[in-house]
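Below is target21.cif, holding mmCIF, C-alpha atoms.
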data_final
#
loop_
_atom_site.group_PDB
_atom_site.id
_atom_site.type_symbol
_atom_site.label_atom_id
_atom_site.label_comp_id
_atom_site.auth_asym_id
_atom_site.auth_seq_id
_atom_site.Cartn_x
_atom_site.Cartn_y
_atom_site.Cartn_z
ATOM 1 C CA MET A 1 6.465 14.214 -21.776
ATOM 2 C CA THR A 2 5.870 10.536 -22.483
ATOM 3 C CA GLY A 3 7.719 8.277 -24.889
ATOM 4 C CA LYS A 4 6.797 4.965 -26.497
ATOM 5 C CA ALA A 5 3.952 2.826 -25.182
ATOM 6 C CA ILE A 6 4.707 -0.163 -22.941
ATOM 7 C CA ASP A 7 2.747 -3.383 -23.545
ATOM 8 C CA ILE A 8 1.331 -5.604 -20.799
ATOM 9 C CA LYS A 9 4.242 -8.066 -20.916
ATOM 10 C CA GLU A 10 6.784 -5.294 -20.380
ATOM 11 C CA CYS A 11 4.591 -3.843 -17.623
ATOM 12 C CA GLN A 12 4.541 -7.227 -15.868
ATOM 13 C CA ARG A 13 8.308 -7.621 -16.265
ATOM 14 C CA ARG A 14 8.787 -4.290 -14.467
ATOM 15 C CA LEU A 15 6.294 -5.254 -11.771
ATOM 16 C CA LEU A 16 8.257 -8.439 -11.088
ATOM 17 C CA ARG A 17 11.466 -6.465 -10.724
ATOM 18 C CA ILE A 18 9.872 -4.121 -8.172
ATOM 19 C CA ALA A 19 8.263 -7.047 -6.325
ATOM 20 C CA ASN A 20 11.559 -8.922 -6.113
ATOM 21 C CA HIS A 21 13.255 -5.914 -4.511
ATOM 22 C CA PHE A 22 10.361 -5.653 -2.046
ATOM 23 C CA LYS A 23 10.662 -9.383 -1.282
ATOM 24 C CA GLN A 24 14.427 -9.105 -0.753
ATOM 25 C CA THR A 25 13.986 -6.233 1.718
ATOM 26 C CA CYS A 26 11.352 -8.176 3.665
ATOM 27 C CA GLU A 27 13.271 -11.435 3.784
ATOM 28 C CA SER A 28 16.599 -9.781 4.680
ATOM 29 C CA ASN A 29 14.937 -8.127 7.669
ATOM 30 C CA ASP A 30 12.586 -10.911 8.866
ATOM 31 C CA ILE A 31 9.463 -9.018 7.844
ATOM 32 C CA PRO A 32 6.533 -11.298 6.941
ATOM 33 C CA TYR A 33 4.565 -10.472 3.822
ATOM 34 C CA TYR A 34 1.765 -12.027 1.771
ATOM 35 C CA MET A 35 0.474 -11.835 -1.773
ATOM 36 C CA LEU A 36 -3.082 -10.481 -1.737
ATOM 37 C CA GLY A 37 -6.092 -10.322 -4.052
ATOM 38 C CA GLY A 38 -5.455 -10.784 -7.755
ATOM 39 C CA THR A 39 -1.757 -11.433 -7.209
ATOM 40 C CA MET A 40 -2.539 -14.419 -4.980
ATOM 41 C CA LEU A 41 -5.247 -15.525 -7.413
ATOM 42 C CA GLY A 42 -2.735 -15.363 -10.262
ATOM 43 C CA ALA A 43 -0.230 -17.443 -8.301
ATOM 44 C CA ILE A 44 -2.752 -20.250 -7.763
ATOM 45 C CA ARG A 45 -4.712 -20.146 -11.027
ATOM 46 C CA HIS A 46 -1.983 -19.106 -13.486
ATOM 47 C CA HIS A 47 1.262 -19.687 -11.538
ATOM 48 C CA GLY A 48 1.978 -16.049 -12.268
ATOM 49 C CA PHE A 49 0.146 -13.004 -13.501
ATOM 50 C CA ILE A 50 -3.505 -13.019 -14.419
ATOM 51 C CA PRO A 51 -2.895 -12.321 -18.135
ATOM 52 C CA TRP A 52 -4.482 -8.868 -18.138
ATOM 53 C CA ASP A 53 -3.187 -7.647 -14.744
ATOM 54 C CA ASP A 54 -1.051 -4.488 -14.625
ATOM 55 C CA ASP A 55 -0.421 -4.326 -10.872
ATOM 56 C CA MET A 56 0.554 -6.458 -7.865
ATOM 57 C CA ASP A 57 -0.787 -6.452 -4.302
ATOM 58 C CA PHE A 58 1.054 -7.423 -1.128
ATOM 59 C CA GLY A 59 0.181 -7.196 2.558
ATOM 60 C CA VAL A 60 2.447 -6.695 5.578
ATOM 61 C CA PRO A 61 1.226 -7.020 9.195
ATOM 62 C CA MET A 62 0.843 -3.597 10.750
ATOM 63 C CA GLU A 63 3.366 -4.293 13.516
ATOM 64 C CA HIS A 64 6.099 -4.465 10.825
ATOM 65 C CA TYR A 65 4.779 -1.794 8.472
ATOM 66 C CA GLU A 66 6.545 1.322 9.772
ATOM 67 C CA ARG A 67 9.895 -0.467 9.972
ATOM 68 C CA LEU A 68 9.430 -1.657 6.409
ATOM 69 C CA ARG A 69 8.640 1.904 5.282
ATOM 70 C CA VAL A 70 12.009 3.097 6.646
ATOM 71 C CA LEU A 71 13.938 0.137 5.239
ATOM 72 C CA LEU A 72 12.496 0.505 1.741
ATOM 73 C CA LYS A 73 13.628 4.121 1.557
ATOM 74 C CA SER A 74 17.233 3.046 2.065
ATOM 75 C CA SER A 75 17.326 -0.336 0.297
ATOM 76 C CA LEU A 76 15.750 0.203 -3.120
ATOM 77 C CA PRO A 77 17.635 1.137 -6.302
ATOM 78 C CA ASN A 78 17.329 4.747 -7.424
ATOM 79 C CA ASP A 79 14.788 3.987 -10.157
ATOM 80 C CA ILE A 80 12.260 2.429 -7.744
ATOM 81 C CA ARG A 81 10.438 5.059 -5.724
ATOM 82 C CA VAL A 82 8.616 4.793 -2.381
ATOM 83 C CA CYS A 83 5.369 6.648 -3.090
ATOM 84 C CA GLU A 84 3.253 8.287 -0.382
ATOM 85 C CA PHE A 85 0.520 10.875 -0.740
ATOM 86 C CA GLN A 86 2.667 13.336 1.214
ATOM 87 C CA ASN A 87 5.468 13.332 -1.384
ATOM 88 C CA ILE A 88 3.948 12.307 -4.742
ATOM 89 C CA LYS A 89 0.787 14.129 -5.841
ATOM 90 C CA GLY A 90 -0.256 11.268 -8.100
ATOM 91 C CA CYS A 91 -0.242 8.842 -5.155
ATOM 92 C CA ARG A 92 -3.741 9.155 -3.718
ATOM 93 C CA THR A 93 -3.643 6.378 -1.127
ATOM 94 C CA ALA A 94 -2.756 6.288 2.575
ATOM 95 C CA PHE A 95 -0.742 3.087 2.095
ATOM 96 C CA LEU A 96 2.607 2.648 0.322
ATOM 97 C CA LYS A 97 3.187 2.109 -3.356
ATOM 98 C CA LEU A 98 6.506 1.301 -5.045
ATOM 99 C CA ASP A 99 6.842 2.536 -8.605
ATOM 100 C CA ASP A 100 9.197 2.339 -11.564
ATOM 101 C CA THR A 101 10.419 5.852 -12.359
ATOM 102 C CA HIS A 102 11.218 4.980 -15.975
ATOM 103 C CA SER A 103 7.507 4.575 -16.769
ATOM 104 C CA CYS A 104 4.322 6.591 -16.503
ATOM 105 C CA MET A 105 0.753 5.401 -15.961
ATOM 106 C CA ASP A 106 -0.815 8.013 -18.202
ATOM 107 C CA ASP A 107 -4.069 8.938 -16.477
ATOM 108 C CA LYS A 108 -5.540 11.547 -18.816
ATOM 109 C CA CYS A 109 -7.947 12.733 -16.120
ATOM 110 C CA VAL A 110 -5.163 14.042 -13.903
ATOM 111 C CA ASP A 111 -3.471 17.268 -14.896
ATOM 112 C CA LEU A 112 -0.122 16.736 -13.190
ATOM 113 C CA PRO A 113 3.513 17.163 -14.243
ATOM 114 C CA ILE A 114 4.876 13.831 -15.407
ATOM 115 C CA GLU A 115 7.229 13.537 -12.418
ATOM 116 C CA GLU A 116 4.180 13.621 -10.127
ATOM 117 C CA LYS A 117 2.444 10.756 -11.948
ATOM 118 C CA LEU A 118 2.971 7.160 -10.886
ATOM 119 C CA GLY A 119 4.883 4.691 -12.956
ATOM 120 C CA VAL A 120 4.211 0.948 -13.074
ATOM 121 C CA ASN A 121 3.635 0.170 -9.402
ATOM 122 C CA ILE A 122 2.872 -2.378 -6.692
ATOM 123 C CA ASP A 123 0.628 -1.804 -3.662
ATOM 124 C CA ILE A 124 1.817 -2.638 -0.151
ATOM 125 C CA PHE A 125 -1.208 -2.814 2.144
ATOM 126 C CA PRO A 126 -1.053 -2.854 5.946
ATOM 127 C CA LEU A 127 -2.710 -5.920 7.465
ATOM 128 C CA VAL A 128 -4.444 -4.601 10.563
ATOM 129 C CA SER A 129 -5.128 -6.769 13.611
ATOM 130 C CA CYS A 130 -8.848 -6.245 14.133
ATOM 131 C CA LYS A 131 -12.252 -7.601 14.994
ATOM 132 C CA ARG A 132 -14.597 -8.607 12.197
ATOM 133 C CA ARG A 133 -17.221 -5.936 12.935
ATOM 134 C CA GLY A 134 -15.598 -3.431 15.264
ATOM 135 C CA MET A 135 -16.840 0.166 15.258
ATOM 136 C CA LYS A 136 -13.464 1.520 14.110
ATOM 137 C CA VAL A 137 -13.310 -1.070 11.346
ATOM 138 C CA CYS A 138 -16.733 -0.037 10.045
ATOM 139 C CA LEU A 139 -15.708 3.629 10.170
ATOM 140 C CA HIS A 140 -12.499 2.845 8.290
ATOM 141 C CA LEU A 141 -14.357 0.995 5.519
ATOM 142 C CA LEU A 142 -16.796 3.911 5.230
ATOM 143 C CA MET A 143 -14.018 6.509 5.004
ATOM 144 C CA THR A 144 -12.124 4.420 2.436
ATOM 145 C CA ARG A 145 -15.271 4.167 0.324
ATOM 146 C CA LEU A 146 -15.797 7.921 0.663
ATOM 147 C CA ASN A 147 -12.257 8.573 -0.568
ATOM 148 C CA SER A 148 -12.883 6.369 -3.591
ATOM 149 C CA ALA A 149 -16.303 7.881 -4.362
ATOM 150 C CA ILE A 150 -15.201 11.509 -4.204
ATOM 151 C CA PHE A 151 -11.500 11.709 -4.917
ATOM 152 C CA THR A 152 -10.276 8.653 -6.842
ATOM 153 C CA GLU A 153 -10.077 9.213 -10.574
ATOM 154 C CA PRO A 154 -12.354 6.958 -12.682
ATOM 155 C CA ILE A 155 -10.405 3.978 -14.025
ATOM 156 C CA SER A 156 -12.145 4.193 -17.390
ATOM 157 C CA GLY A 157 -10.904 7.735 -17.944
ATOM 158 C CA SER A 158 -14.466 8.869 -18.656
ATOM 159 C CA ARG A 159 -14.604 12.665 -18.939
ATOM 160 C CA LEU A 160 -18.185 12.709 -17.646
ATOM 161 C CA ARG A 161 -17.266 10.759 -14.505
ATOM 162 C CA HIS A 162 -14.240 12.996 -14.062
ATOM 163 C CA HIS A 163 -16.428 16.129 -14.150
ATOM 164 C CA ILE A 164 -18.963 14.598 -11.739
ATOM 165 C CA LYS A 165 -16.162 13.921 -9.261
ATOM 166 C CA LYS A 166 -14.881 17.478 -9.659
ATOM 167 C CA VAL A 167 -18.339 18.767 -8.712
ATOM 168 C CA LEU A 168 -18.428 16.448 -5.672
ATOM 169 C CA GLN A 169 -14.962 17.626 -4.631
ATOM 170 C CA GLY A 170 -16.097 21.239 -4.844
ATOM 171 C CA LEU A 171 -19.025 20.493 -2.536
ATOM 172 C CA THR A 172 -16.926 18.539 -0.008
ATOM 173 C CA PRO A 173 -15.843 20.610 3.035
ATOM 174 C CA PHE A 174 -12.475 18.809 3.392
ATOM 175 C CA SER A 175 -9.506 17.960 1.167
ATOM 176 C CA GLN A 176 -8.324 14.514 0.151
ATOM 177 C CA ASP A 177 -5.065 15.082 2.041
ATOM 178 C CA TRP A 178 -7.053 15.706 5.223
ATOM 179 C CA LEU A 179 -9.107 12.550 4.645
ATOM 180 C CA LEU A 180 -6.011 10.422 3.982
ATOM 181 C CA HIS A 181 -4.322 11.741 7.141
ATOM 182 C CA GLN A 182 -7.440 10.844 9.170
ATOM 183 C CA LEU A 183 -7.589 7.404 7.558
ATOM 184 C CA TRP A 184 -3.994 6.665 8.500
ATOM 185 C CA LYS A 185 -4.512 7.868 12.090
ATOM 186 C CA LEU A 186 -7.515 5.554 12.308
ATOM 187 C CA THR A 187 -5.482 2.680 10.843
ATOM 188 C CA LEU A 188 -2.820 3.127 13.530
ATOM 189 C CA SER A 189 -5.458 3.113 16.279
ATOM 190 C CA ILE A 190 -6.857 -0.343 15.380
ATOM 191 C CA ASN A 191 -4.878 -3.147 17.007
ATOM 192 C CA ASN A 192 -7.070 -5.709 18.695
ATOM 193 C CA GLY A 193 -8.568 -8.845 17.220
ATOM 194 C CA ASN A 194 -8.092 -12.329 15.780
ATOM 195 C CA HIS A 195 -8.492 -11.191 12.153
ATOM 196 C CA TYR A 196 -6.182 -9.512 9.682
ATOM 197 C CA GLY A 197 -7.934 -6.782 7.738
ATOM 198 C CA ASN A 198 -6.806 -5.239 4.481
ATOM 199 C CA LEU A 199 -9.041 -2.279 5.249
ATOM 200 C CA PHE A 200 -8.005 -0.409 2.095
ATOM 201 C CA GLY A 201 -8.865 -3.355 -0.186
ATOM 202 C CA ARG A 202 -11.422 -3.162 -2.971
ATOM 203 C CA TYR A 203 -13.462 -6.078 -1.572
ATOM 204 C CA ARG A 204 -14.046 -4.225 1.704
ATOM 205 C CA SER A 205 -15.306 -6.499 4.503
ATOM 206 C CA LYS A 206 -14.419 -9.663 2.519
ATOM 207 C CA GLU A 207 -10.794 -8.730 3.066
ATOM 208 C CA ILE A 208 -11.089 -9.160 6.834
ATOM 209 C CA VAL A 209 -10.171 -12.805 7.442
ATOM 210 C CA LEU A 210 -9.010 -14.899 10.377
ATOM 211 C CA LYS A 211 -5.306 -14.698 11.104
ATOM 212 C CA THR A 212 -5.223 -18.498 10.963
ATOM 213 C CA ILE A 213 -6.066 -18.296 7.237
ATOM 214 C CA PHE A 214 -2.964 -16.187 6.660
ATOM 215 C CA GLY A 215 -0.911 -18.379 9.019
ATOM 216 C CA ASN A 216 2.818 -18.581 8.402
ATOM 217 C CA PRO A 217 3.787 -17.003 5.055
ATOM 218 C CA THR A 218 3.882 -19.816 2.500
ATOM 219 C CA SER A 219 5.893 -19.819 -0.728
ATOM 220 C CA TYR A 220 4.095 -20.115 -4.097
ATOM 221 C CA ILE A 221 5.444 -20.199 -7.650
ATOM 222 C CA PHE A 222 4.919 -16.923 -9.480
ATOM 223 C CA GLU A 223 6.287 -16.717 -13.027
ATOM 224 C CA ASP A 224 10.009 -17.523 -12.776
ATOM 225 C CA THR A 225 10.260 -16.852 -9.042
ATOM 226 C CA THR A 226 8.302 -17.353 -5.816
ATOM 227 C CA PHE A 227 6.466 -15.065 -3.412
ATOM 228 C CA ASN A 228 4.801 -15.701 -0.063
ATOM 229 C CA GLY A 229 1.056 -15.852 0.390
ATOM 230 C CA PRO A 230 -1.571 -17.003 2.903
ATOM 231 C CA ALA A 231 -1.043 -20.545 4.170
ATOM 232 C CA LYS A 232 -4.700 -21.478 3.519
ATOM 233 C CA ALA A 233 -4.875 -20.237 -0.050
ATOM 234 C CA ASP A 234 -8.119 -22.012 -0.938
ATOM 235 C CA GLU A 235 -10.008 -20.518 2.014
ATOM 236 C CA TYR A 236 -8.610 -17.054 1.376
ATOM 237 C CA LEU A 237 -9.426 -17.022 -2.342
ATOM 238 C CA SER A 238 -12.873 -18.578 -1.854
ATOM 239 C CA ILE A 239 -13.818 -15.765 0.539
ATOM 240 C CA LEU A 240 -12.763 -13.119 -1.994
ATOM 241 C CA TYR A 241 -13.824 -14.688 -5.293
ATOM 242 C CA GLY A 242 -16.063 -17.722 -4.744
ATOM 243 C CA ASP A 243 -15.249 -20.165 -7.589
ATOM 244 C CA TYR A 244 -11.842 -18.620 -8.125
ATOM 245 C CA MET A 245 -10.476 -21.265 -10.531
ATOM 246 C CA LYS A 246 -13.021 -20.326 -13.198
ATOM 247 C CA VAL A 247 -11.550 -17.825 -15.660
ATOM 248 C CA PRO A 248 -14.178 -15.199 -16.603
ATOM 249 C CA ASP A 249 -15.451 -15.340 -20.197
ATOM 250 C CA ASN A 250 -15.201 -11.572 -20.622
ATOM 251 C CA PRO A 251 -12.641 -10.299 -18.121
ATOM 252 C CA SER A 252 -12.852 -6.608 -17.351
ATOM 253 C CA ASN A 253 -9.693 -4.828 -18.428
ATOM 254 C CA HIS A 254 -9.226 -1.392 -16.933
ATOM 255 C CA SER A 255 -5.517 -1.116 -17.666
ATOM 256 C CA SER A 256 -4.129 2.375 -17.931
ATOM 257 C CA ALA A 257 -2.067 3.421 -20.909
ATOM 258 C CA ILE A 258 1.578 3.009 -19.887
ATOM 259 C CA PHE A 259 4.510 4.844 -21.427
ATOM 260 C CA GLU A 260 8.228 5.235 -21.084
ATOM 261 C CA ARG A 261 9.149 8.536 -19.460
ATOM 262 C CA ALA A 262 10.799 10.612 -22.155
#

Kindly transcribe the structure held in the file into structure tokens.
Amino acid sequence: MTGKAIDIKECQRRLLRIANHFKQTCESNDIPYYMLGGTMLGAIRHHGFIPWDDDMDFGVPMEHYERLRVLLKSSLPNDIRVCEFQNIKGCRTAFLKLDDTHSCMDDKCVDLPIEEKLGVNIDIFPLVSCKRRGMKVCLHLLMTRLNSAIFTEPISGSRLRHHIKKVLQGLTPFSQDWLLHQLWKLTLSINNGNHYGNLFGRYRSKEIVLKTIFGNPTSYIFEDTTFNGPAKADEYLSILYGDYMKVPDNPSNHSSAIFERA
């Protein structure tokens, strides 16, 4: 069962706590990491969160990713959980998430026990060494899009979209677990190129950028702390967003309802 609702400010406070534990684990073990996507955009444009954001995105080079996975499982406090699709049914990604077990992202389209639902969480994406248009990269982007189209619950919570996806799932000859396993095997097999690719990112091929743009992790102010991001922030954000300093007039807000776990 769920308790009282959590507002966006409280959600962001919890995100920062998770992110700071992630940062501490990385820095204590010489693991490079970078802010990605909207988190990096928020650091540059708002010196913190984009006001309506309810998540955070980070990237870790693939050569450090498995070591980080092991370290996180032993270094985090008990109320921050390492979420993988193999152990948490509500985690439907092949990459890692860290969530706050005192909260619940209440996705009404998913009929799961509350302990299987994610709390407020951050994404930790693998940054894969790759070529810009390699065959495996194209296959990965296609499979990631397929996972989203068939299995990912609609952000809006629309019942109609939920039922359409259920029909598609019934017609699909494989399970999401099988697809996620294949995606991760493919991820591990890509390791050759002068780009870093966040191949699970929402902007698809835009998220494959030269390693020189990431460069050495560079510290940026974020709220009352700092996190590392790409050295060439302007180039990185321009590739993803174009005129990234312009705040949209009507920002889309797809935030989930968030509650305390009762």

Discussion item. I'd like the residues picked by the PyMOL selection byres ((chain A and resi 117) around 10) written out as a PyMOL selection string, using the chain letters and numbers from the file.
Written reply: chain A and resi 88-91+99+101+103-107+110-116+118-119

Item to complete: Would you write out, as a list in words, every residue that the PyMOL selection byres ((chain A and resi 12-21) around 8) captures in this file?
Response: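 Selected by the PyMOL selection byres ((chain A and resi 12-21) around 8) here: Ile8, Lys9, Glu10, Cys11, Phe22, Lys23, Gln24, Thr25, Phe49, Asp53, Asp54, Asp55, Met56, Leu76, Ile80, Leu98, Asp99, Asp100, Val120, Asn121 and Ile122 of chain A.
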
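You will find atom CA of A:Glu66 at 27.2 Å from atom CA of A:Leu237.
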
Item to complete: Tell me which residues the PyMOL selection byres ((chain A and resi 34) around 6) grabs here, as a list of chain:residue names.
Response: A:Tyr33, A:Met35, A:Phe58, A:Gly59, A:Asn228, A:Gly229

Worksheet item: Quick one, how far is atom CA of A:Leu41 from atom CA of A:Asn250?
Response: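 The value is 17.0 Å.
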
Worksheet entry | d(atom CA of A:Met135, atom CA of A:Lys97) in Å |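 Taking atom CA of A:Met135 and atom CA of A:Lys97, their separation equals 27.4 Å.
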
Practice prompt. Between A:Val167, A:Ile50, A:Ala43, A:Cys26, single out the one closest to A:Leu71, counting only C-alpha atoms.
Written response: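 Checking each candidate against A:Leu71, we get A:Cys26 as the closest.
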
Worksheet item: stretch 244-249 of chain A: which residues within 12 Å, counting all atoms listed in the file, same-chain residues fewer than 6 positions away excluded, as an NGL selection string?
Response: :A and (37-38 or 40-47 or 50-52 or 233-238)

Worksheet entry | Best match for closeness to A:Val137 among A:Ser205, A:Ser256, A:Thr152, A:Asn78, counting all atoms listed in the file |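 Looking at the shortest contact to A:Val137, the residue is A:Ser205.
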
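When all atoms listed in the file are used to measure the gap to A:Cys83, the shortest distance among A:Met62, A:Ser175, A:Asp123, A:Asp57 belongs to A:Asp123.
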
Practice prompt. Using all atoms listed in the file, determine which residues lie at most 8 Å from A:Glu84, disregarding the query and same-chain residues fewer than 2 positions distant; provide the list as a list of chain:residue names.
Written response: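 Near A:Glu84, the qualifying residues are A:Val82, A:Gln86, A:Asn87, A:Ile88, A:Cys91, A:Arg92, A:Thr93, A:Ala94, A:Phe95, A:Leu96, A:Lys97.
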
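Candidate residues A:Val60, A:Val70, A:Leu183, A:Ile31 were compared for distance to A:Tyr196, and the nearest is A:Val60, using only C-alpha atoms.
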
If the box runs along x, y and z of the file and leaves 6 Å on each side of stretch 29-46 of chain A, what are its centre and edge lengths in Å, one decimal, as AutoDock Vina command-line options?
--center_x 4.4 --center_y -14.2 --center_z -2.3 --size_x 33.0 --size_y 24.1 --size_z 34.4

Discussion item. Need to verify the contact set: A:Lys131, 12 Å, only C-alpha atoms, exclusion of same-chain residues closer than 6 positions in sequence. Can you return it as an MDAnalysis selection string?
Written reply: chainID A and resid 137:138 190:197 199 205 208:211

Requested write-out: C-alpha atoms of the selected residues, as a JSON list (two decimals), keeping the file's coordinate frame:
[["chain", "number", "residue", "atom", "x", "y", "z"],
["A", 137, "VAL", "CA", -13.31, -1.07, 11.35],
["A", 138, "CYS", "CA", -16.73, -0.04, 10.04],
["A", 190, "ILE", "CA", -6.86, -0.34, 15.38],
["A", 191, "ASN", "CA", -4.88, -3.15, 17.01],
["A", 192, "ASN", "CA", -7.07, -5.71, 18.70],
["A", 193, "GLY", "CA", -8.57, -8.85, 17.22],
["A", 194, "ASN", "CA", -8.09, -12.33, 15.78],
["A", 195, "HIS", "CA", -8.49, -11.19, 12.15],
["A", 196, "TYR", "CA", -6.18, -9.51, 9.68],
["A", 197, "GLY", "CA", -7.93, -6.78, 7.74],
["A", 199, "LEU", "CA", -9.04, -2.28, 5.25],
["A", 205, "SER", "CA", -15.31, -6.50, 4.50],
["A", 208, "ILE", "CA", -11.09, -9.16, 6.83],
["A", 209, "VAL", "CA", -10.17, -12.80, 7.44],
["A", 210, "LEU", "CA", -9.01, -14.90, 10.38],
["A", 211, "LYS", "CA", -5.31, -14.70, 11.10]]

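Closest approach to A:Ser129 among A:Gln182, A:Ser74, A:Ser189, A:Gln176 is made by A:Ser189 (distances from only C-alpha atoms).
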
Practice prompt. With a distance cut-off of 10 Å and all atoms listed in the file, select the neighbouring residues of A:Arg202, excluding the residue or stretch itself and same-chain residues fewer than 6 positions from it, and output the selection as a list in words.
Written response: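 So the residues in contact are Gly37, Leu141, Thr144, Arg145 and Ser148 of chain A.
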
Fill in: Which of A:Pro217, A:Phe85, A:Phe125, A:Lys165 sits closest to A:Leu180 [using all atoms listed in the file]
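Ranking A:Pro217, A:Phe85, A:Phe125, A:Lys165 by distance to A:Leu180, first place goes to A:Phe85.
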
Discussion item. Need to verify the contact set: A:Lys206, 9 Å, only C-alpha atoms, exclusion of same-chain residues closer than 4 positions in sequence. Can you return it as a list in words?
Written reply: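 Residues meeting the cut-off are Gly197, Gly201, Ile239 and Leu240 of chain A.
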